[in-house]
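Report on one structure; see the data block that follows.
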Amino acid sequence: MSADLDVDVDVGKLVEPDRVHRSIYTDPTIFQLEMERIFEHTWIYVGHDSQVPDPGDYYATVIGRQPVIMFRHTDTKVKVLYNRCAHKGAMLVGDTCGNVQQFSCGYHGWCYDTDGSLKSIPLEKGYDGTRFDRNDPQSSMRSVARVGSYRGFVFASLSPDGPELREWLVGVDASIDNLADRAPAGELEITGGVLRYMHDSNWKLFVENLNDLMHPMKVHQSSSMTARTTAKKMLSKDAPVPAAIEILAPFSGGYSFFDTMGLHAFDYGHSYSGGKVSIHSAYSDIPDYVEAMESAYGPERTQDIFSENRHNTIFYPSLTIKGAIQSIRVVRPIAVDRTLIESWTFRLKGAPDALLQRSILYCNLVNSSANLVGPEDYEAYLRQQHGLSSQGSDWVLMHRNFGQERDLDNGERAANGTSDLAFRNQYLAWKNYMTATIS
Amino acid sequence: MSADLDVDVDVGKLVEPDRVHRSIYTDPTIFQLEMERIFEHTWIYVGHDSQVPDPGDYYATVIGRQPVIMFRHTDTKVKVLYNRCAHKGAMLVGDTCGNVQQFSCGYHGWCYDTDGSLKSIPLEKGYDGTRFDRNDPQSSMRSVARVGSYRGFVFASLSPDGPELREWLVGVDASIDNLADRAPAGELEITGGVLRYMHDSNWKLFVENLNDLMHPMKVHQSSSMTARTTAKKMLSKDAPVPAAIEILAPFSGGYSFFDTMGLHAFDYGHSYSGGKVSIHSAYSDIPDYVEAMESAYGPERTQDIFSENRHNTIFYPSLTIKGAIQSIRVVRPIAVDRTLIESWTFRLKGAPDALLQRSILYCNLVNSSANLVGPEDYEAYLRQQHGLSSQGSDWVLMHRNFGQERDLDNGERAANGTSDLAFRNQYLAWKNYMTATIS
Amino acid sequence: MSADLDVDVDVGKLVEPDRVHRSIYTDPTIFQLEMERIFEHTWIYVGHDSQVPDPGDYYATVIGRQPVIMFRHTDTKVKVLYNRCAHKGAMLVGDTCGNVQQFSCGYHGWCYDTDGSLKSIPLEKGYDGTRFDRNDPQSSMRSVARVGSYRGFVFASLSPDGPELREWLVGVDASIDNLADRAPAGELEITGGVLRYMHDSNWKLFVENLNDLMHPMKVHQSSSMTARTTAKKMLSKDAPVPAAIEILAPFSGGYSFFDTMGLHAFDYGHSYSGGKVSIHSAYSDIPDYVEAMESAYGPERTQDIFSENRHNTIFYPSLTIKGAIQSIRVVRPIAVDRTLIESWTFRLKGAPDALLQRSILYCNLVNSSANLVGPEDYEAYLRQQHGLSSQGSDWVLMHRNFGQERDLDNGERAANGTSDLAFRNQYLAWKNYMTATIS
Amino acid sequence: MRADQPNNGPSLRSVEKFLFYEARLLDQGRLEEWGQLFTDDGIYWVPATVDQPDPIHHVSLMYDDKLLRAVRIRRFADKQAIPLQPLPRGVHLVSNIEIDNYSSSSRECIISSSFIVLQYQRDKQAVFGGCYTHTLRWDDERFAIKQKKAELANCEAAHENIHIIL
Amino acid sequence: MRADQPNNGPSLRSVEKFLFYEARLLDQGRLEEWGQLFTDDGIYWVPATVDQPDPIHHVSLMYDDKLLRAVRIRRFADKQAIPLQPLPRGVHLVSNIEIDNYSSSSRECIISSSFIVLQYQRDKQAVFGGCYTHTLRWDDERFAIKQKKAELANCEAAHENIHIIL
Amino acid sequence: MRADQPNNGPSLRSVEKFLFYEARLLDQGRLEEWGQLFTDDGIYWVPATVDQPDPIHHVSLMYDDKLLRAVRIRRFADKQAIPLQPLPRGVHLVSNIEIDNYSSSSRECIISSSFIVLQYQRDKQAVFGGCYTHTLRWDDERFAIKQKKAELANCEAAHENIHIIL
Ligand code: FES
Ligand code: FES
Ligand code: FES
Ligand SMILES: [Fe+3]
Ligand SMILES: [Fe+3]
Ligand SMILES: [Fe+3]
């Protein structure tokens, strides 16, 4: 299988400051290592606590290769447990979400409280006098090593080691803030369902692409220009620009437009593009929204919030946020060449319904597997995934504006929008994660 | 792939007396070792000789990963040969069963007698003066290393080493006896077709489940209780209990009912549950059957035969029998997470037709992939298979009534029905098989 | 996976002069080595230059595991480039064939000339002052190491080492000559589409079969005899023999017929069967064709050309030619048990249309996945592929007429048609390729 | 070939309507209503082998009389039925519908048709197809199913779960 | 069950003809013509969840008004559209067609049917199936589509590309 | 759109009946009878590429005149035919049936329809789909097939065996 890589070779050699080796996208052994050393180690986005509003609500998902359950134990506490019965290992829920009074295993009926603690075992006396100890934590549903939450975004780490969540979030926490602050009530609610898009390509290709501002002009030229010209042809000159066109047109906004957006990179592989300007910054106003914001925050703070128009923020490796449009995409790697992308939408509490409608429209147009924009990106990944099996060259190039980034405080680095800074930053983190247990 | 296991580590460490490591269900390397050291080594059930009643009849199947043919050479001899042409390796039959005068390879026409010996080669003189030796056993269809048969149940071992079949069967041979003895004529005939149920789960999960008497109350509560309550609602009080309800109702018979059934374990991983009592013991009488039995065996012996109501008997690892209902299930592992289960039904020679009809009904209700009971068990395996990929805990627990089994003669051990004795016994054998070539 | 083979064992031990070990057909590790040491090393058939007649025409395919593009740079030069963008590795074309002015990557718009050289990069100034060097060959589309062409047949080698194409072709070049010479204009044109037949079997089983003259009498007995008897029944005695019957009948032509055809083997695993006689030699004349040939070549040379009736010629490992019927089959291995076979048809320039029609009919009848002959061969491979997973015997026998071949000049060896010479010759080459990097 | 409207018998169109209605009940999960389409002695049968003559001496994938049909239907509403979490769904296409026979004495007609059924649960879609034979009782107003036999093209295959009613 | 030809309304046969004609336009890639089947306010909708009540507050796989439909159609002719190289193709089978409702005032009818659609591109064939609900406007001569809703059996699955129009 | 019963021509219903009858013969393996549905010069054709203009200068998956059809049919009864052990089976769904053209002079009609065919052998089920074009000769009583063309959605795919008649 792993014809390209001797496992004993230092995986660190696959990453140079301005390029990476093609095998990191194609080698199944690297993928398994990534699951172990990245996804089953660092902070991974599990879900938003508005998915489990009531006590007993649960949401089942995976972290790396491992099934977990996020659920609301009491009104205030969200927990993340392994979806695994302590007895013989059966998953405790088979459905994706629901509400339970307790977790009752479907196989032999062991019952656990919603904090995971063992409650009852049928015929428990059969364990008397054996090595089985009902007070051993292994006899309960195990909690993952660490759970953290920031404004409703729940992250979990399967490893007891590593930075605290708040430390890990430095720099990109502001993207969550800006998203949540856009709600007059300061709170978010996941709503409107999920689009699940299966990609036969490596997860890193998706993650790289988000802050790759050189790609829209080419990849999305077709959907964006077709939308522009079709609208021009169909609509009278003074008709208002439809929301769909406001959404699609900026994807072919010109290189200097994208370059101006800028890029910011942080420790742990995080980054965001955009800032004052983004593909979302020219959307038309929605009636009553500004009013609601101003009455909640006052005009100045409202102005501050709206002036921040980040494009994509990447919480490396598993979460990406588009704050200005209240949409997130979650990265679930399945195999070296298979990745599930989930798109979720937020309602801004206290905001007019029209904002949600715009987010839904955006999500349909951009993230659906049956629509215009998403399949263009996916086609780029597919062509990469296959092209990278060629030995025409062993390297994937990330030189753009190398050495021209500006160092800011707290490990932040900034660059022009079309810099490859975000890529280089991701592979710096990747290398750190992947070689941590070797060194 | 084998991220969980270093092949060089003693696989024996994965088995403790009262628990086993989850990787034995999920690691592809373990699976390949199991094929080599268990399925392609010990006695594996091939088929029943009534499947090949006439000379020239054959039945093609697999042992572990290897295609074989069971066939009737003469009226008395059943043979098991590798389904492989000595020339360039083509399988000699492509169909599952049939009747042949000789085996004629479809590729170049080499012909073999029904004892496998090479008969003719087209243009055989082309081999004159070469290393090819038509008398070398390799130039014929090879027989598997050992074939044994007990009351029509044909077993084969691909290894020349190991216990004789009769020695290997000690303790569970009585389950075959009881099944065959239930025929007034003392003989069985496979009939009524086969149900083939594909499971995306490890073979051991299926095998464990059969003598897991803690599971029916929970897993089968739905089908069994739904059947009970539906019947109650639909049928008048004094209507006779339909056979389907007689079959389904005992699956939710109560913990003490299952506990009373008892468990018996033997060397080589074999076991049976039930005995005097089982889920089959309360079936209504079938007219004329007792009469036929008594006239064949006399009342006392008949009484003896009927008093033995074993539930499941496991001939570890490949055959499981339900004697009281004349049904067997055969385990064909395909991959670490894929297992084919075949269900076959026997006609008791000399017994009224109604017995066969009850067996067929039982098989439909319990073993069909499209019916009530089987999918409940399969769902439990699926949840285990996925849950076991979680590192929430590394162990699968088998402590129930540990140390409370009673030692009887000939390696037999007995316990209450809800004991985990059968599991522990299986993994004792598993460990012996798997470490035999290492030590 | 590779339970049958320790990678460190010399793969050469798997090949003996008169037999080969079954694992070479079933072991995934062997397959990966074959891709590396054979398909990504020696001369592989890419396509015929008539597939890209005009400047800018391209045809995309794979060599081993690697996507490549054959295209016409100028009117005279056909090039073979890796289908991989120098930037981040995306394939440069997604379609199988077409015409381009330049290669413009669909992801970020890097443009390459039709000789592969880098033309333009959007916002190229972003690379100023970085390690990126636009003059580095790695910054362009890479050409494969070597490209060679013989009478329009384009071969490529991904390795700079090894014999020149003409040297490698010695002995079988005459088969290409005879095919091309059959055109009064001396030139060929691929036309009439392609049949793509997917085989769930190892590529070597297909390649062996082509010059295995012991198989048609048995494998094709069904299609050939059914065709004969059906025609006999349906047609009046003095009706002309339909072309379909002329094609199908010789497949059951008798052992001595096939033996007489003869076999010729050459270095590098090449061989051909037939010569003066083949299954194609008794086809009826096509009006005006002989005339066209004679007016092009004169009667004597025409006679020479027609007297050469080779059956299958194998350009080991990837190309097989049936010159007399103007048809080729191309071998594209996909996995150890999966192989794509493409069948292409040639028009003989200057010949009557009826010749093409006969070639098309031949291709339909013999090479289609939905017709008579091809599925018979494929069934033989399938039975081998499964039979070879049995340990009934470890060896595949190739003893027929061992030691009876005649040595001719230039490494040529000749034998009777039913000799296993072609197999032995293939595995001699296989062993050389596979052990070259070890020794 | 067959008459489209045998003497006094139902029209082909009325048969089509009935089969489409049945399909719709199944697609929409209206299983109780589906159950009521059957006569009291009605049988729903999915054989396990080709041209299976007999559901009594040979195993079947499904062979439901009224009681077992009721059990099957009720289980779809049972929260304890772990294989049905989440509920599997199906789509039923019926085509090639013909009236093969109508007996004006028994008032029974034999209807043959072909079907494709998709089953969906937990990201898995399975494709089933085969031939239906409906034995329908006709009372001038409505049909009742005396037997529905669904013969799968792949009845002999090693099946994973067939959850839904075909 | 339903009337085959409601008062003054279209006949079932005319509806079948229209749906088969629509399917044929899609199969043959005559997408411009397909677009013209719709009313000006016509909607083409593929929900992303079962019984989705609403395309406004919930994501959909496709939800096209006239403008977006036009964009989708034109993109099939755009050589720059890399996911459409080579052009995907489809086959549409429509069956189980019934007129569910006809309003003689609005002249609208609701048509339900079942479909199987095969999508093919680059050696991959995908099978989609589900239920169509067409809301058709009828003017005694021809139909126009006010809404076409295609409810996939596997709408909630993790989909790879759905290139073609269902 | 098209007339359902062109002047003196066959009714749509009679065409449906014929296509369903043909499908049934194939499903039941009554291949000899199927062969007899063709005219003496009848052709059965499965092109290998989209809109293939010509079976003469371009390869086809199947292109059978009377003789080759007879060979194909007889092979299903030949015990020596190793790819046909055990016999593959099929199910044919035909839908979207329309009469595209009827010539009252030649008495030929062109019928278009869509199909889904399932092939089953040895635990493998394959799904094929596409469009049929039947050229039928009509003599007021019965049809004969002058040409049956089955255009597969995935005709250009790399196919494993297509054993059955589509
Ligand atoms: S596995 Fe959960 S109770 Fe046994
Ligand atoms: S492989 Fe059996 S005769 Fe050659
Ligand atoms: S990958 Fe080709 S331009 Fe970027
Ligand atoms: Fe993009
Ligand atoms: Fe059970
Ligand atoms: Fe052959």
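Ordered as shown in the structure tokens, chains take letters A, B, and onward, while each chain numbers its residues from 1 and ligands are numbered from 1 in the order shown.
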
Check every residue of chain A for an atom within 6 Å of chain B, counting only C-alpha atoms, and provide those that qualify as a CSV table (one decimal) with all heavy atoms, in the first residue's frame.
```csv
chain,number,residue,atom,x,y,z
A,66,GLN,N,-13.5,7.7,15.6
A,66,GLN,CA,-14.2,7.2,16.8
A,66,GLN,C,-15.5,7.8,17.0
A,66,GLN,O,-15.7,9.1,17.1
A,66,GLN,CB,-13.3,7.5,18.0
A,66,GLN,CG,-11.9,6.8,17.8
A,66,GLN,CD,-11.1,6.8,19.0
A,66,GLN,OE1,-11.6,6.6,20.1
A,66,GLN,NE2,-9.8,7.0,18.9
A,82,TYR,N,-17.7,8.9,24.6
A,82,TYR,CA,-17.5,7.9,23.5
A,82,TYR,C,-18.8,7.1,23.4
A,82,TYR,O,-19.5,6.8,24.4
A,82,TYR,CB,-16.4,6.9,23.9
A,82,TYR,CG,-15.0,7.5,23.8
A,82,TYR,CD1,-14.3,7.9,24.9
A,82,TYR,CD2,-14.4,7.6,22.6
A,82,TYR,CE1,-13.1,8.4,24.9
A,82,TYR,CE2,-13.1,8.1,22.5
A,82,TYR,CZ,-12.4,8.5,23.6
A,82,TYR,OH,-11.2,9.0,23.5
A,84,ARG,N,-20.0,4.2,23.1
A,84,ARG,CA,-19.5,2.9,23.2
A,84,ARG,C,-20.0,2.3,24.6
A,84,ARG,O,-19.7,2.9,25.6
A,84,ARG,CB,-18.0,2.9,23.2
A,84,ARG,CG,-17.3,1.5,23.1
A,84,ARG,CD,-16.2,1.4,24.1
A,84,ARG,NE,-15.4,0.2,23.8
A,84,ARG,CZ,-15.4,-0.9,24.5
A,84,ARG,NH1,-16.2,-1.1,25.6
A,84,ARG,NH2,-14.6,-1.9,24.2
A,87,HIS,N,-19.8,-2.5,28.3
A,87,HIS,CA,-19.9,-4.0,28.4
A,87,HIS,C,-19.2,-4.6,27.2
A,87,HIS,O,-18.0,-5.0,27.3
A,87,HIS,CB,-21.4,-4.4,28.5
A,87,HIS,CG,-21.6,-5.8,28.5
A,87,HIS,ND1,-22.7,-6.4,27.9
A,87,HIS,CD2,-21.0,-6.8,29.1
A,87,HIS,CE1,-22.7,-7.7,28.1
A,87,HIS,NE2,-21.6,-8.0,28.8
A,88,LYS,N,-19.8,-4.7,26.1
A,88,LYS,CA,-19.2,-5.3,25.0
A,88,LYS,C,-19.0,-4.4,23.8
A,88,LYS,O,-18.9,-4.8,22.6
A,88,LYS,CB,-20.0,-6.6,24.5
A,88,LYS,CG,-20.0,-7.7,25.7
A,88,LYS,CD,-20.5,-9.0,25.2
A,88,LYS,CE,-19.5,-9.8,24.4
A,88,LYS,NZ,-20.1,-11.1,23.9
A,89,GLY,N,-19.1,-3.1,24.0
A,89,GLY,CA,-18.7,-2.1,23.0
A,89,GLY,C,-19.7,-1.7,22.0
A,89,GLY,O,-19.4,-0.9,21.1
A,90,ALA,N,-21.0,-2.0,22.2
A,90,ALA,CA,-22.0,-1.6,21.2
A,90,ALA,C,-22.1,-0.1,21.3
A,90,ALA,O,-22.1,0.5,22.4
A,90,ALA,CB,-23.3,-2.3,21.5
A,91,MET,N,-22.4,0.6,20.2
A,91,MET,CA,-22.7,2.0,20.2
A,91,MET,C,-24.0,2.1,21.0
A,91,MET,O,-24.9,1.3,20.9
A,91,MET,CB,-22.9,2.5,18.8
A,91,MET,CG,-21.6,2.6,18.0
A,91,MET,SD,-21.8,3.7,16.5
A,91,MET,CE,-23.2,3.0,15.8
A,107,TYR,N,-28.2,-3.8,23.3
A,107,TYR,CA,-27.8,-5.2,23.3
A,107,TYR,C,-28.2,-6.0,24.5
A,107,TYR,O,-28.9,-7.0,24.4
A,107,TYR,CB,-26.3,-5.3,23.0
A,107,TYR,CG,-25.8,-6.6,22.4
A,107,TYR,CD1,-24.5,-6.7,22.0
A,107,TYR,CD2,-26.6,-7.7,22.2
A,107,TYR,CE1,-24.0,-7.9,21.4
A,107,TYR,CE2,-26.2,-8.9,21.7
A,107,TYR,CZ,-24.8,-9.0,21.3
A,107,TYR,OH,-24.4,-10.2,20.8
A,108,HIS,N,-27.6,-5.5,25.7
A,108,HIS,CA,-28.0,-6.3,26.9
A,108,HIS,C,-28.6,-5.4,28.0
A,108,HIS,O,-28.7,-5.8,29.1
A,108,HIS,CB,-26.7,-6.9,27.5
A,108,HIS,CG,-25.9,-7.7,26.6
A,108,HIS,ND1,-24.9,-7.2,25.8
A,108,HIS,CD2,-26.0,-9.0,26.2
A,108,HIS,CE1,-24.4,-8.1,25.0
A,108,HIS,NE2,-25.0,-9.3,25.2
A,109,GLY,N,-28.8,-4.1,27.6
A,109,GLY,CA,-29.6,-3.3,28.5
A,109,GLY,C,-28.9,-2.6,29.6
A,109,GLY,O,-29.5,-2.1,30.6
A,126,GLY,N,-24.6,-11.2,38.9
A,126,GLY,CA,-23.7,-12.1,38.1
A,126,GLY,C,-22.3,-11.7,38.2
A,126,GLY,O,-21.4,-12.5,37.9
A,127,TYR,N,-22.1,-10.4,38.5
A,127,TYR,CA,-20.7,-9.9,38.5
A,127,TYR,C,-20.1,-10.0,39.9
A,127,TYR,O,-18.9,-9.7,40.1
A,127,TYR,CB,-20.6,-8.5,38.0
A,127,TYR,CG,-20.9,-8.4,36.5
A,127,TYR,CD1,-22.1,-8.0,36.0
A,127,TYR,CD2,-19.9,-8.8,35.6
A,127,TYR,CE1,-22.4,-8.0,34.7
A,127,TYR,CE2,-20.2,-8.8,34.3
A,127,TYR,CZ,-21.4,-8.4,33.8
A,127,TYR,OH,-21.6,-8.3,32.5
A,130,THR,N,-16.3,-11.2,40.9
A,130,THR,CA,-15.4,-11.2,39.7
A,130,THR,C,-14.5,-9.9,39.7
A,130,THR,O,-14.7,-9.0,40.5
A,130,THR,CB,-16.2,-11.2,38.4
A,130,THR,OG1,-16.8,-10.0,38.2
A,130,THR,CG2,-17.3,-12.3,38.5
A,142,ARG,N,-17.2,6.3,28.8
A,142,ARG,CA,-16.1,7.2,29.0
A,142,ARG,C,-16.3,8.6,28.4
A,142,ARG,O,-16.8,8.7,27.3
A,142,ARG,CB,-14.8,6.6,28.4
A,142,ARG,CG,-14.4,5.2,29.0
A,142,ARG,CD,-14.0,5.4,30.4
A,142,ARG,NE,-12.9,6.3,30.6
A,142,ARG,CZ,-11.6,5.9,30.5
A,142,ARG,NH1,-11.3,4.6,30.2
A,142,ARG,NH2,-10.6,6.7,30.7
```

Step one, run DSSP on the backbone; step two, keep only residues of range 69-122 of chain B assigned to strand (DSSP E or B); then write them as number ranges by chain.
-> B: 69-72, 78-82, 97-99, 103-104, 111-112, 118-120

With a cut-off of 7 Å, could you pull out the residues of chain A touching chain E and give me the nearest pair of atoms for each, distance in Å to one decimal, using only C-alpha atoms, ordered by chain and ascending number, as JSON lines?
```
{"residue": "A:Gly192", "atom": "CA", "partner": "E:His58", "partner_atom": "CA", "distance": 3.8}
{"residue": "A:Gly193", "atom": "CA", "partner": "E:His58", "partner_atom": "CA", "distance": 5.8}
{"residue": "A:Val194", "atom": "CA", "partner": "E:Val59", "partner_atom": "CA", "distance": 6.9}
{"residue": "A:Arg196", "atom": "CA", "partner": "E:Ala158", "partner_atom": "CA", "distance": 4.6}
{"residue": "A:Tyr197", "atom": "CA", "partner": "E:His159", "partner_atom": "CA", "distance": 5.2}
{"residue": "A:Met198", "atom": "CA", "partner": "E:Glu160", "partner_atom": "CA", "distance": 4.9}
{"residue": "A:His199", "atom": "CA", "partner": "E:Glu160", "partner_atom": "CA", "distance": 6.3}
{"residue": "A:Ser222", "atom": "CA", "partner": "E:Ala81", "partner_atom": "CA", "distance": 5.2}
{"residue": "A:Ser223", "atom": "CA", "partner": "E:Arg75", "partner_atom": "CA", "distance": 7.0}
{"residue": "A:Thr226", "atom": "CA", "partner": "E:Val71", "partner_atom": "CA", "distance": 6.0}
{"residue": "A:Ala227", "atom": "CA", "partner": "E:Val71", "partner_atom": "CA", "distance": 5.5}
{"residue": "A:Thr230", "atom": "CA", "partner": "E:Val71", "partner_atom": "CA", "distance": 6.1}
{"residue": "A:Ala231", "atom": "CA", "partner": "E:Leu67", "partner_atom": "CA", "distance": 6.8}
{"residue": "A:Leu356", "atom": "CA", "partner": "E:His57", "partner_atom": "CA", "distance": 6.7}
{"residue": "A:Gln357", "atom": "CA", "partner": "E:Ile56", "partner_atom": "CA", "distance": 5.7}
{"residue": "A:Ile360", "atom": "CA", "partner": "E:Val59", "partner_atom": "CA", "distance": 5.5}
{"residue": "A:Cys363", "atom": "CA", "partner": "E:Val59", "partner_atom": "CA", "distance": 6.8}
{"residue": "A:Asn364", "atom": "CA", "partner": "E:Val59", "partner_atom": "CA", "distance": 5.9}
{"residue": "A:Ser368", "atom": "CA", "partner": "E:Leu61", "partner_atom": "CA", "distance": 5.6}
{"residue": "A:Ser369", "atom": "CA", "partner": "E:Asn161", "partner_atom": "CA", "distance": 4.9}
{"residue": "A:Ala370", "atom": "CA", "partner": "E:Ile162", "partner_atom": "CA", "distance": 4.5}
{"residue": "A:Asn371", "atom": "CA", "partner": "E:Met62", "partner_atom": "CA", "distance": 6.4}
{"residue": "A:Pro375", "atom": "CA", "partner": "E:Pro83", "partner_atom": "CA", "distance": 6.2}
{"residue": "A:Glu376", "atom": "CA", "partner": "E:Pro83", "partner_atom": "CA", "distance": 5.8}
{"residue": "A:Glu379", "atom": "CA", "partner": "E:Pro83", "partner_atom": "CA", "distance": 5.4}
```

Expressed in Å to a single decimal, how great is the separation between CA of Ala243 in chain C and CA of Phe257 in chain C?
-> 20.1 Å

Near chain F, which residues of chain D fall within 7 Å when you count only C-alpha atoms, and what do they look like as a PDB file with all heavy atoms, in the first residue's frame?
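Result file part-v1.pdb:
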```
ATOM      1  N   SER D  95     -44.334  -1.067 -12.895  1.00  0.00           N
ATOM      2  CA  SER D  95     -44.474  -0.860 -14.334  1.00  0.00           C
ATOM      3  C   SER D  95     -44.874  -2.183 -14.983  1.00  0.00           C
ATOM      4  O   SER D  95     -45.070  -3.186 -14.291  1.00  0.00           O
ATOM      5  CB  SER D  95     -43.152  -0.337 -14.888  1.00  0.00           C
ATOM      6  OG  SER D  95     -43.266  -0.020 -16.248  1.00  0.00           O
ATOM      7  N   ASN D  96     -44.979  -2.193 -16.311  1.00  0.00           N
ATOM      8  CA  ASN D  96     -45.292  -3.427 -17.059  1.00  0.00           C
ATOM      9  C   ASN D  96     -46.522  -4.131 -16.480  1.00  0.00           C
ATOM     10  O   ASN D  96     -46.546  -5.360 -16.354  1.00  0.00           O
ATOM     11  CB  ASN D  96     -44.099  -4.399 -17.025  1.00  0.00           C
ATOM     12  CG  ASN D  96     -42.831  -3.831 -17.617  1.00  0.00           C
ATOM     13  OD1 ASN D  96     -42.572  -2.627 -17.494  1.00  0.00           O
ATOM     14  ND2 ASN D  96     -42.036  -4.663 -18.255  1.00  0.00           N
ATOM     15  N   SER D 114     -43.817  -5.376 -13.015  1.00  0.00           N
ATOM     16  CA  SER D 114     -42.403  -5.352 -12.648  1.00  0.00           C
ATOM     17  C   SER D 114     -42.180  -4.199 -11.683  1.00  0.00           C
ATOM     18  O   SER D 114     -42.901  -3.208 -11.723  1.00  0.00           O
ATOM     19  CB  SER D 114     -41.535  -5.146 -13.894  1.00  0.00           C
ATOM     20  OG  SER D 114     -41.766  -6.170 -14.820  1.00  0.00           O
ATOM     21  N   GLY D 129     -35.233  -5.242  -7.353  1.00  0.00           N
ATOM     22  CA  GLY D 129     -36.139  -5.258  -8.502  1.00  0.00           C
ATOM     23  C   GLY D 129     -36.620  -6.655  -8.764  1.00  0.00           C
ATOM     24  O   GLY D 129     -35.974  -7.640  -8.383  1.00  0.00           O
ATOM     25  N   GLY D 130     -37.756  -6.753  -9.406  1.00  0.00           N
ATOM     26  CA  GLY D 130     -38.279  -8.060  -9.729  1.00  0.00           C
ATOM     27  C   GLY D 130     -39.680  -7.969 -10.288  1.00  0.00           C
ATOM     28  O   GLY D 130     -40.073  -6.949 -10.851  1.00  0.00           O
ATOM     29  N   ALA D 153     -35.215 -10.303  -8.458  1.00  0.00           N
ATOM     30  CA  ALA D 153     -34.189 -10.777  -9.390  1.00  0.00           C
ATOM     31  C   ALA D 153     -33.048 -11.438  -8.629  1.00  0.00           C
ATOM     32  O   ALA D 153     -32.485 -12.436  -9.060  1.00  0.00           O
ATOM     33  CB  ALA D 153     -33.662  -9.620 -10.229  1.00  0.00           C
ATOM     34  N   ASN D 154     -32.720 -10.873  -7.481  1.00  0.00           N
ATOM     35  CA  ASN D 154     -31.569 -11.387  -6.722  1.00  0.00           C
ATOM     36  C   ASN D 154     -32.003 -12.110  -5.458  1.00  0.00           C
ATOM     37  O   ASN D 154     -31.333 -12.031  -4.432  1.00  0.00           O
ATOM     38  CB  ASN D 154     -30.603 -10.250  -6.402  1.00  0.00           C
ATOM     39  CG  ASN D 154     -31.194  -9.243  -5.435  1.00  0.00           C
ATOM     40  OD1 ASN D 154     -32.393  -9.297  -5.157  1.00  0.00           O
ATOM     41  ND2 ASN D 154     -30.380  -8.346  -4.932  1.00  0.00           N
ATOM     42  N   ALA D 157     -29.389 -14.007  -3.639  1.00  0.00           N
ATOM     43  CA  ALA D 157     -28.155 -13.346  -3.226  1.00  0.00           C
ATOM     44  C   ALA D 157     -27.997 -13.380  -1.711  1.00  0.00           C
ATOM     45  O   ALA D 157     -28.957 -13.603  -0.975  1.00  0.00           O
ATOM     46  CB  ALA D 157     -28.155 -11.896  -3.716  1.00  0.00           C
ATOM     47  N   ALA D 158     -26.763 -13.176  -1.262  1.00  0.00           N
ATOM     48  CA  ALA D 158     -26.523 -12.972   0.164  1.00  0.00           C
ATOM     49  C   ALA D 158     -26.951 -11.548   0.485  1.00  0.00           C
ATOM     50  O   ALA D 158     -26.281 -10.593   0.114  1.00  0.00           O
ATOM     51  CB  ALA D 158     -25.043 -13.181   0.467  1.00  0.00           C
TER      52      ALA D 158
END
```

Assign secondary structure with DSSP using the backbone only, and return the residues of range 193-239 of chain C in helix (DSSP H, G or I) as a PyMOL selection string.
-> chain C and resi 203-210+216-219+221-234

Near Asp49 in chain A, counting only C-alpha atoms, which residues have an atom at most 8 Å away, once you skip same-chain residues fewer than 2 positions from it, shown as a list in words?
->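 Final neighbour list, sorted by chain and number: Gly47, Gln51, Val52, Pro53, Val78, Gly152, Phe153 and Val154 of chain A.
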